[in-house]
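S.K.: Starting off with a structure, shown below.
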Amino acid sequence: MQTGVYGIVRHSLYSGLILGTLAYSLWSLSLSHFAITLALFVVLNAKATKEETWLEARYPDYGDYRQRVKKLIPWIY
């Protein structure tokens, strides 16, 4: 599936969770919440990397998809 949101970011659920926690930490102006957001980003990035090794083995064209679409942050990362 490479259309819709998956044409913008490869791990949309992780992106949404990170964006939601970032929004809450900005809304609450809390450094501790921001630190949790950063930790969540690190953990989900590592999890996504592990998942991508499995996806690469299962789907031969995943490498091309990986080159075209960003991992967690649309158009950036």
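Just remember, in the structure tokens the first chain shown is A, the second B, etc., residues are 1-based per chain, and ligands are 1-based in the order shown.
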Excluding same-chain residues fewer than 6 positions from stretch 49-64 of chain A, what lies within 10 Å of it counting only C-alpha atoms, as a list in words?
M.R.: Gln2, Arg10, His11, Val43 and Lys71 of chain A
S.K.: Take the residues from that selection and put them in a file with N, CA and C atoms, as a PDB file, in the first residue's frame.
M.R.:
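Result went into out.pdb, see below:
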```pdb
ATOM      1  N   GLN A   2       0.829   2.007  -1.065  1.00  0.00           N
ATOM      2  CA  GLN A   2       1.685   3.177  -1.197  1.00  0.00           C
ATOM      3  C   GLN A   2       0.891   4.422  -1.546  1.00  0.00           C
ATOM      4  N   ARG A  10       6.022   6.491   5.959  1.00  0.00           N
ATOM      5  CA  ARG A  10       5.967   5.030   5.986  1.00  0.00           C
ATOM      6  C   ARG A  10       5.323   4.475   7.238  1.00  0.00           C
ATOM      7  N   HIS A  11       5.477   5.125   8.365  1.00  0.00           N
ATOM      8  CA  HIS A  11       4.949   4.628   9.640  1.00  0.00           C
ATOM      9  C   HIS A  11       3.978   5.666  10.221  1.00  0.00           C
ATOM     10  N   VAL A  43      12.390   5.443  20.696  1.00  0.00           N
ATOM     11  CA  VAL A  43      11.904   4.065  20.781  1.00  0.00           C
ATOM     12  C   VAL A  43      11.159   3.663  19.508  1.00  0.00           C
ATOM     13  N   LYS A  71      10.365   8.275   6.632  1.00  0.00           N
ATOM     14  CA  LYS A  71      10.056   7.279   7.653  1.00  0.00           C
ATOM     15  C   LYS A  71       9.001   7.743   8.663  1.00  0.00           C
TER      16      LYS A  71
END
```
S.K.: Among chain A, which ones does DSSP place in helix (DSSP H, G or I), written as a PyMOL selection string?
M.R.: chain A and resi 4-7+12-28+31-58+62-68
S.K.: With a distance cut-off of 8 Å and only C-alpha atoms, select the neighbouring residues of A:His33, excluding the residue or stretch itself and same-chain residues fewer than 2 positions from it, and output the selection as a ChimeraX atom specification.
M.R.: /A:21-22,24-25,30-31,35-37
S.K.: Hey, can you spit out that residue selection with C-alpha atoms as a PDB file, in the first residue's frame?
M.R.:
```
ATOM      1  CA  THR A  21       2.547  13.719  22.337  1.00  0.00           C
ATOM      2  CA  LEU A  22       4.471  16.665  20.895  1.00  0.00           C
ATOM      3  CA  TYR A  24       0.372  17.863  24.238  1.00  0.00           C
ATOM      4  CA  SER A  25       3.842  18.760  25.505  1.00  0.00           C
ATOM      5  CA  SER A  30       6.138  20.938  30.031  1.00  0.00           C
ATOM      6  CA  LEU A  31       9.780  20.006  29.626  1.00  0.00           C
ATOM      7  CA  ALA A  35      11.476  14.693  27.152  1.00  0.00           C
ATOM      8  CA  ILE A  36       8.945  11.865  27.025  1.00  0.00           C
ATOM      9  CA  THR A  37       8.141  12.840  23.434  1.00  0.00           C
TER      10      THR A  37
END
```
S.K.: Point out the residue among A:Tyr77, A:Lys70, A:Ser28, A:Tyr14 with the least atom-to-atom distance to A:Lys47, counting only C-alpha atoms.
M.R.: A:Tyr14
S.K.: Report the distance between atom CA of A:Gly7 and atom CA of A:Leu72 in Å, rounded to one decimal place.
M.R.: 11.9 Å
